[in-house]
file entry-v7.cif (mmCIF, C-alpha atoms (C1' of nucleotides))
data_run
#
loop_
_atom_site.label_atom_id
_atom_site.label_comp_id
_atom_site.auth_asym_id
_atom_site.auth_seq_id
_atom_site.Cartn_x
_atom_site.Cartn_y
_atom_site.Cartn_z
CA MET A 54 110.41 -168.69 -46.18
CA THR A 55 112.37 -171.78 -47.02
CA ARG A 56 109.15 -173.67 -47.31
CA ARG A 57 107.03 -174.20 -50.37
CA PRO A 58 103.44 -174.46 -49.34
CA GLU A 59 101.24 -176.41 -51.69
CA LEU A 60 98.42 -173.96 -51.14
CA LEU A 61 97.64 -170.57 -49.68
CA PRO A 62 97.37 -170.99 -45.91
CA GLY A 63 93.86 -170.41 -44.67
CA THR A 64 92.11 -171.48 -47.84
CA LEU A 65 91.93 -175.24 -47.37
CA ASP A 66 88.54 -175.44 -45.67
CA MET A 67 87.05 -173.16 -48.29
CA LEU A 68 88.41 -175.28 -51.13
CA ILE A 69 87.07 -178.48 -49.59
CA LEU A 70 83.62 -177.04 -48.95
CA LYS A 71 83.47 -175.63 -52.46
CA THR A 72 84.49 -178.95 -53.95
CA LEU A 73 81.67 -180.68 -52.09
CA THR A 74 79.04 -178.40 -53.59
CA ARG A 75 79.23 -180.57 -56.66
CA GLY A 76 78.19 -183.66 -54.74
CA ALA A 77 79.43 -186.17 -52.19
CA LEU A 78 83.03 -187.27 -52.47
CA HIS A 79 85.48 -189.30 -50.42
CA GLY A 80 88.72 -187.80 -49.18
CA TYR A 81 90.88 -189.09 -51.96
CA GLY A 82 88.37 -187.82 -54.50
CA ILE A 83 88.39 -184.37 -52.95
CA ALA A 84 92.17 -184.21 -53.21
CA LEU A 85 92.08 -185.32 -56.84
CA SER A 86 89.33 -182.87 -57.70
CA ILE A 87 91.18 -179.88 -56.28
CA LYS A 88 94.38 -180.93 -57.97
CA ARG A 89 92.70 -181.34 -61.34
CA SER A 90 90.53 -178.28 -61.33
CA SER A 91 93.54 -176.15 -60.37
CA ASP A 92 95.63 -177.58 -63.21
CA ASP A 93 97.96 -179.32 -60.76
CA VAL A 94 98.90 -176.09 -59.01
CA LEU A 95 97.17 -176.90 -55.72
CA THR A 96 98.05 -180.17 -54.03
CA VAL A 97 96.28 -181.20 -50.86
CA GLU A 98 98.47 -183.55 -48.87
CA GLU A 99 96.76 -186.35 -46.97
CA GLY A 100 98.24 -185.10 -43.72
CA SER A 101 96.40 -181.84 -44.33
CA LEU A 102 93.22 -183.23 -45.80
CA TYR A 103 92.10 -185.76 -43.20
CA PRO A 104 92.60 -183.51 -40.19
CA ALA A 105 90.72 -180.81 -42.08
CA LEU A 106 87.84 -183.18 -42.75
CA GLN A 107 87.74 -184.07 -39.06
CA ARG A 108 87.47 -180.38 -38.21
CA LEU A 109 84.68 -179.91 -40.71
CA LEU A 110 82.82 -182.92 -39.31
CA VAL A 111 83.13 -181.67 -35.74
CA GLN A 112 81.87 -178.27 -36.75
CA GLY A 113 78.92 -179.82 -38.53
CA TRP A 114 79.78 -178.37 -41.90
CA VAL A 115 80.00 -181.77 -43.53
CA MET A 116 78.46 -185.18 -42.94
CA GLY A 117 80.28 -188.43 -43.50
CA GLU A 118 79.06 -191.94 -44.27
CA TRP A 119 80.81 -195.11 -45.24
CA LYS A 120 79.93 -196.47 -48.64
CA VAL A 121 81.46 -198.46 -51.41
CA THR A 122 83.04 -196.78 -54.41
CA GLU A 123 82.42 -197.72 -58.02
CA THR A 124 85.63 -199.68 -57.86
CA GLY A 125 84.32 -201.74 -54.96
CA ARG A 126 86.31 -200.19 -52.14
CA ARG A 127 85.20 -198.92 -48.75
CA ALA A 128 85.40 -195.18 -48.48
CA ARG A 129 83.93 -192.39 -46.42
CA PHE A 130 81.79 -190.06 -48.46
CA TYR A 131 81.43 -186.48 -47.32
CA THR A 132 78.39 -184.32 -47.96
CA LEU A 133 77.96 -180.61 -47.42
CA THR A 134 75.39 -179.69 -44.76
CA ALA A 135 73.20 -176.59 -44.75
CA ALA A 136 75.50 -175.05 -42.15
CA GLY A 137 78.44 -175.92 -44.35
CA ARG A 138 76.90 -174.11 -47.28
CA LYS A 139 76.44 -171.06 -45.11
CA GLN A 140 80.00 -171.26 -43.87
CA LEU A 141 81.25 -171.54 -47.43
CA ASN A 142 79.53 -168.31 -48.33
CA VAL A 143 81.07 -166.57 -45.34
CA GLU A 144 84.54 -167.77 -46.26
CA LEU A 145 84.07 -166.90 -49.91
CA SER A 146 83.16 -163.31 -49.16
CA GLN A 147 85.96 -162.89 -46.63
CA PHE A 148 88.42 -164.31 -49.11
CA GLU A 149 87.18 -162.04 -51.85
CA GLN A 150 87.55 -159.05 -49.56
CA MET A 151 91.10 -160.02 -48.62
CA ILE A 152 92.14 -160.52 -52.20
CA THR A 153 90.67 -157.19 -53.22
CA ALA A 154 92.50 -155.45 -50.38
CA ILE A 155 95.79 -157.13 -51.20
CA GLY A 156 95.34 -156.17 -54.82
CA ARG A 157 94.95 -152.56 -53.80
CA VAL A 158 98.19 -152.65 -51.81
CA LEU A 159 100.07 -154.34 -54.63
CA ARG A 160 98.91 -151.84 -57.22
CA ASP A 161 98.84 -148.68 -55.12
CA PRO A 162 101.15 -146.27 -56.98
CA GLN A 163 101.27 -143.04 -54.99
CA GLU A 164 102.03 -142.36 -51.31
CA ALA A 165 104.26 -139.59 -50.08
CA MET B 930 87.78 -171.24 -37.37
CA THR B 931 86.66 -168.99 -34.58
CA ARG B 932 89.46 -166.62 -35.38
CA ARG B 933 89.44 -163.60 -37.60
CA PRO B 934 92.84 -163.13 -39.14
CA GLU B 935 93.68 -159.57 -40.01
CA LEU B 936 95.38 -160.69 -43.18
CA LEU B 937 95.84 -163.68 -45.42
CA PRO B 938 98.54 -165.85 -43.86
CA GLY B 939 101.61 -166.10 -46.01
CA THR B 940 101.23 -162.70 -47.61
CA LEU B 941 102.80 -160.46 -44.98
CA ASP B 942 106.37 -160.47 -46.26
CA MET B 943 105.15 -159.69 -49.75
CA LEU B 944 103.05 -156.77 -48.53
CA ILE B 945 105.95 -155.31 -46.55
CA LEU B 946 108.41 -155.64 -49.42
CA LYS B 947 105.94 -154.09 -51.82
CA THR B 948 105.29 -151.19 -49.47
CA LEU B 949 109.01 -150.48 -49.27
CA THR B 950 109.32 -150.12 -53.04
CA ARG B 951 107.96 -146.63 -52.56
CA GLY B 952 110.85 -145.65 -50.33
CA ALA B 953 112.27 -146.15 -46.86
CA LEU B 954 109.81 -146.37 -43.98
CA HIS B 955 109.89 -147.22 -40.30
CA GLY B 956 107.83 -150.07 -38.89
CA TYR B 957 104.93 -147.99 -37.75
CA GLY B 958 104.83 -146.25 -41.13
CA ILE B 959 104.70 -149.59 -42.92
CA ALA B 960 101.75 -150.68 -40.82
CA LEU B 961 99.92 -147.43 -41.48
CA SER B 962 100.66 -147.56 -45.19
CA ILE B 963 99.28 -151.07 -45.57
CA LYS B 964 96.22 -150.21 -43.54
CA ARG B 965 95.51 -147.11 -45.59
CA SER B 966 96.16 -148.47 -49.03
CA SER B 967 93.91 -151.44 -48.28
CA ASP B 968 91.09 -149.18 -47.09
CA ASP B 969 91.42 -150.45 -43.51
CA VAL B 970 90.81 -154.05 -44.49
CA LEU B 971 94.33 -155.26 -43.75
CA THR B 972 95.70 -154.57 -40.29
CA VAL B 973 99.25 -155.55 -39.47
CA GLU B 974 99.60 -156.14 -35.75
CA GLU B 975 102.85 -155.13 -34.10
CA GLY B 976 103.44 -158.68 -32.93
CA SER B 977 103.36 -159.77 -36.55
CA LEU B 978 105.19 -156.83 -38.06
CA TYR B 979 108.38 -156.65 -36.00
CA PRO B 980 109.16 -160.36 -36.15
CA ALA B 981 108.55 -160.17 -39.89
CA LEU B 982 110.97 -157.27 -40.23
CA GLN B 983 113.56 -159.25 -38.29
CA ARG B 984 113.14 -162.13 -40.72
CA LEU B 985 113.54 -159.82 -43.69
CA LEU B 986 116.69 -158.27 -42.17
CA VAL B 987 118.26 -161.66 -41.50
CA GLN B 988 117.52 -162.76 -45.03
CA GLY B 989 119.07 -159.61 -46.43
CA TRP B 990 115.92 -158.49 -48.16
CA VAL B 991 115.80 -155.19 -46.28
CA MET B 992 118.33 -152.91 -44.61
CA GLY B 993 117.65 -150.97 -41.45
CA GLU B 994 119.13 -147.79 -40.02
CA TRP B 995 118.22 -145.61 -37.10
CA LYS B 996 117.21 -142.09 -37.99
CA VAL B 997 114.99 -139.34 -36.72
CA THR B 998 111.50 -138.84 -38.09
CA GLU B 999 110.06 -135.53 -39.23
CA THR B 1000 108.40 -135.31 -35.84
CA GLY B 1001 111.73 -135.61 -34.07
CA ARG B 1002 111.52 -139.17 -32.86
CA ARG B 1003 114.01 -142.03 -33.12
CA ALA B 1004 112.89 -144.72 -35.50
CA ARG B 1005 114.39 -147.49 -37.56
CA PHE B 1006 114.02 -146.93 -41.28
CA TYR B 1007 113.89 -149.94 -43.56
CA THR B 1008 115.05 -149.95 -47.17
CA LEU B 1009 114.55 -152.61 -49.80
CA THR B 1010 117.77 -154.25 -51.02
CA ALA B 1011 118.41 -155.60 -54.52
CA ALA B 1012 117.88 -159.13 -53.20
CA GLY B 1013 114.64 -157.95 -51.62
CA ARG B 1014 113.41 -156.62 -54.91
CA LYS B 1015 114.14 -159.97 -56.52
CA GLN B 1016 112.38 -161.80 -53.71
CA LEU B 1017 109.36 -159.57 -54.09
CA ASN B 1018 109.07 -160.53 -57.74
CA VAL B 1019 109.28 -164.20 -56.85
CA GLU B 1020 106.55 -163.85 -54.24
CA LEU B 1021 104.37 -161.79 -56.51
CA SER B 1022 104.40 -164.39 -59.25
CA GLN B 1023 103.82 -167.26 -56.84
CA PHE B 1024 100.94 -165.38 -55.28
CA GLU B 1025 99.44 -164.63 -58.66
CA GLN B 1026 99.68 -168.30 -59.59
CA MET B 1027 97.99 -169.37 -56.36
CA ILE B 1028 95.18 -166.91 -56.76
CA THR B 1029 94.59 -167.97 -60.33
CA ALA B 1030 94.50 -171.63 -59.29
CA ILE B 1031 92.13 -170.96 -56.42
CA GLY B 1032 89.93 -168.97 -58.75
CA ARG B 1033 89.71 -171.94 -61.06
CA VAL B 1034 88.63 -174.22 -58.24
CA LEU B 1035 86.06 -171.75 -56.99
CA ARG B 1036 84.51 -171.28 -60.40
CA ASP B 1037 84.90 -174.76 -61.83
CA PRO B 1038 81.33 -175.74 -62.81
CA GLN B 1039 81.47 -179.30 -64.15
CA GLU B 1040 82.94 -182.54 -62.72
CA ALA B 1041 81.21 -185.90 -62.90
"C1'" DT C 1387 103.08 -212.20 -56.92
"C1'" DT C 1388 104.46 -207.93 -57.13
"C1'" DC C 1389 103.49 -203.38 -58.20
"C1'" DT C 1390 100.64 -199.34 -58.60
"C1'" DA C 1391 96.68 -196.77 -57.64
"C1'" DT C 1392 93.24 -196.23 -54.48
"C1'" DC C 1393 91.74 -195.27 -49.80
"C1'" DC C 1394 92.00 -193.98 -44.59
"C1'" DA C 1395 94.32 -192.03 -40.67
"C1'" DT C 1396 97.64 -190.24 -36.96
"C1'" DA C 1397 101.97 -188.38 -34.76
"C1'" DG C 1398 105.26 -184.94 -34.55
"C1'" DG C 1399 107.16 -180.80 -36.00
"C1'" DC C 1400 107.52 -176.15 -37.61
"C1'" DA C 1401 106.48 -171.64 -39.60
"C1'" DA C 1402 103.73 -167.71 -39.21
"C1'" DT C 1403 100.56 -165.05 -36.98
"C1'" DC C 1404 98.05 -163.27 -32.89
"C1'" DT C 1405 97.50 -161.75 -28.02
"C1'" DA C 1406 99.35 -159.49 -24.49
"C1'" DT C 1407 102.57 -156.78 -22.58
"C1'" DA C 1408 106.30 -153.42 -21.73
"C1'" DC C 1409 108.56 -149.26 -22.48
"C1'" DA C 1410 109.36 -144.43 -24.17
"C1'" DT C 1411 108.39 -139.68 -26.16
"C1'" DG C 1412 106.11 -135.56 -28.59
"C1'" DC C 1413 102.22 -132.86 -28.65
"C1'" DA C 1414 97.55 -131.09 -27.78
"C1'" DG C 1415 94.15 -129.93 -24.70
"C1'" DT C 1416 92.55 -128.57 -20.09
"C1'" DA D 495 100.93 -129.63 -14.52
"C1'" DC D 496 98.45 -133.46 -15.96
"C1'" DT D 497 96.10 -136.39 -19.00
"C1'" DG D 498 95.46 -138.63 -23.08
"C1'" DC D 499 96.54 -139.89 -27.58
"C1'" DA D 500 99.37 -140.87 -31.44
"C1'" DT D 501 103.80 -142.30 -32.39
"C1'" DG D 502 107.39 -145.66 -32.11
"C1'" DT D 503 110.10 -150.30 -30.94
"C1'" DA D 504 110.19 -154.79 -29.19
"C1'" DT D 505 109.58 -159.59 -26.92
"C1'" DA D 506 107.23 -163.71 -24.78
"C1'" DG D 507 103.94 -167.11 -25.17
"C1'" DA D 508 100.14 -169.36 -27.24
"C1'" DT D 509 97.71 -170.93 -31.14
"C1'" DT D 510 96.69 -172.18 -35.75
"C1'" DG D 511 97.39 -174.62 -39.72
"C1'" DC D 512 99.92 -177.12 -42.78
"C1'" DC D 513 103.69 -180.45 -43.84
"C1'" DT D 514 106.63 -184.62 -43.34
"C1'" DA D 515 106.71 -189.03 -42.31
"C1'" DT D 516 104.49 -193.00 -41.29
"C1'" DG D 517 101.42 -196.99 -41.10
"C1'" DG D 518 97.96 -199.96 -42.84
"C1'" DA D 519 94.66 -202.04 -46.10
"C1'" DT D 520 92.62 -203.61 -50.71
"C1'" DA D 521 91.58 -203.86 -55.95
"C1'" DG D 522 93.32 -204.63 -60.17
"C1'" DA D 523 96.91 -204.98 -63.53
"C1'" DA D 524 101.26 -206.95 -65.18
#
call {"tool": "encode", "arguments": {"input": "entry-v7.cif", "output": "structure tokens"}}
result
Amino acid sequence: MTRRPELLPGTLDMLILKTLTRGALHGYGIALSIKRSSDDVLTVEEGSLYPALQRLLVQGWVMGEWKVTETGRRARFYTLTAAGRKQLNVELSQFEQMITAIGRVLRDPQEA
Amino acid sequence: MTRRPELLPGTLDMLILKTLTRGALHGYGIALSIKRSSDDVLTVEEGSLYPALQRLLVQGWVMGEWKVTETGRRARFYTLTAAGRKQLNVELSQFEQMITAIGRVLRDPQEA
DNA sequence: TTCTATCCATAGGCAATCTATACATGCAGT
DNA sequence: ACTGCATGTATAGATTGCCTATGGATAGAA
């Protein structure tokens, strides 16, 4: 464990989908949003973000369309689809269940 | 994401170290303990567990010695070392921080 | 005009986990 | 005696998922 992951493995898709529930965003905006709302704890590297967005597009969980930002630059804006919203709920409940289970292990006092 | 991981990636070492704070255990016992104390939510596969134990041995976070179980079988018993205890604390606090950060992202209402 | 922030994207690598398999023994039931 | 199950260790190979390192392009500020 020499490595220092910037986020918990397996949570990236969930974080992206959740971020998009607040409206369409381009990739860079998604990264900024996650960074800010986590108080700079979670950093999504570009080399993680764009491949993830490709996966989400292929799976039909997000839609993408080229537009122009407020600052006049071309950017691809991603929108959550209905399927994406469903998927988010699935991932949220699985995550919740995992965290609860881990919490039990970490706090479990007895045994033998 | 067709796959169904049995645990949250990146948390296995922490779970093993934590389990060993309650005393020495052999591999199979560790797996059972985690499964039970998580109410069967977390399952540690053998192909994940033994490589993980090897890592922990190499890093000096656990010690291993061959003994005989109560049922008369040979088994390798693992014990937490002082360094392992320290490492556990590091991982616990990092995990806590991650979870807190993710929680903020998942609950964050505002933005633009 | 040079720098910084904004924006997209891919290649290559690596760590961690899973699947599948192999082997061995104690004990209970038939 | 045989079968099956729980107990117990271990490795090979594949896959997933994220990171590092790049590369390129433009708007706006200094």
call {"tool": "closest_atom_pairs", "arguments": {"input": "entry-v7.cif", "of": "chain C", "to": "chain B", "cutoff": "12 Å", "atoms": "all atoms listed in the file", "output": "CSV"}}
result
residue,atom,partner,partner_atom,distance
C:DA1401,C1',B:Gly939,CA,9.8
C:DA1402,C1',B:Pro938,CA,7.2
C:DT1403,C1',B:Ser977,CA,6.0
C:DC1404,C1',B:Gly976,CA,7.1
C:DT1405,C1',B:Gly976,CA,8.3
C:DA1406,C1',B:Gly976,CA,9.4
C:DT1407,C1',B:Gly976,CA,10.6
C:DA1410,C1',B:Arg1003,CA,10.4
C:DT1411,C1',B:Arg1002,CA,7.4
C:DG1412,C1',B:Thr1000,CA,7.6
C:DC1413,C1',B:Thr1000,CA,9.8
call {"tool": "resolve_selection", "arguments": {"input": "entry-v7.cif", "expression": "the PyMOL selection byres ((chain D and resi 514) around 9)", "output": "NGL selection string"}}
result
(:A and (100)) or (:C and (1398-1399)) or (:D and (513 or 515-516))
call {"tool": "interface_residues", "arguments": {"input": "entry-v7.cif", "of": "chain B", "to": "chain A", "cutoff": "6 Å", "atoms": "all atoms listed in the file", "output": "MDAnalysis selection string"}}
result
chainID B and resid 938 966:967 1030 1033:1034
call {"tool": "atom_distance", "arguments": {"input": "entry-v7.cif", "atom1": "CA of Leu78 (chain A)", "atom2": "CA of Glu118 (chain A)"}}
result
10.2 Å
call {"tool": "residues_around", "arguments": {"input": "entry-v7.cif", "residues": "DT497 (chain D)", "least_positions_apart": "4", "cutoff": "12 Å", "atoms": "all atoms listed in the file", "output": "ChimeraX atom specification"}}
result
/C:1413-1416
call {"tool": "atom_distance", "arguments": {"input": "entry-v7.cif", "atom1": "CA of Gly117 (chain A)", "atom2": "CA of Tyr131 (chain A)"}}
result
4.4 Å
call {"tool": "atom_distance", "arguments": {"input": "entry-v7.cif", "atom1": "CA of Trp990 (chain B)", "atom2": "CA of Leu949 (chain B)"}}
result
10.6 Å
call {"tool": "closest_atom_pairs", "arguments": {"input": "entry-v7.cif", "of": "chain D", "to": "chain A", "cutoff": "8 Å", "atoms": "all atoms listed in the file", "output": "CSV"}}
result
residue,atom,partner,partner_atom,distance
D:DG511,C1',A:Pro62,CA,7.2
D:DC512,C1',A:Ser101,CA,6.1
D:DC513,C1',A:Gly100,CA,7.2
D:DT520,C1',A:Arg126,CA,7.3
D:DA521,C1',A:Arg126,CA,7.5
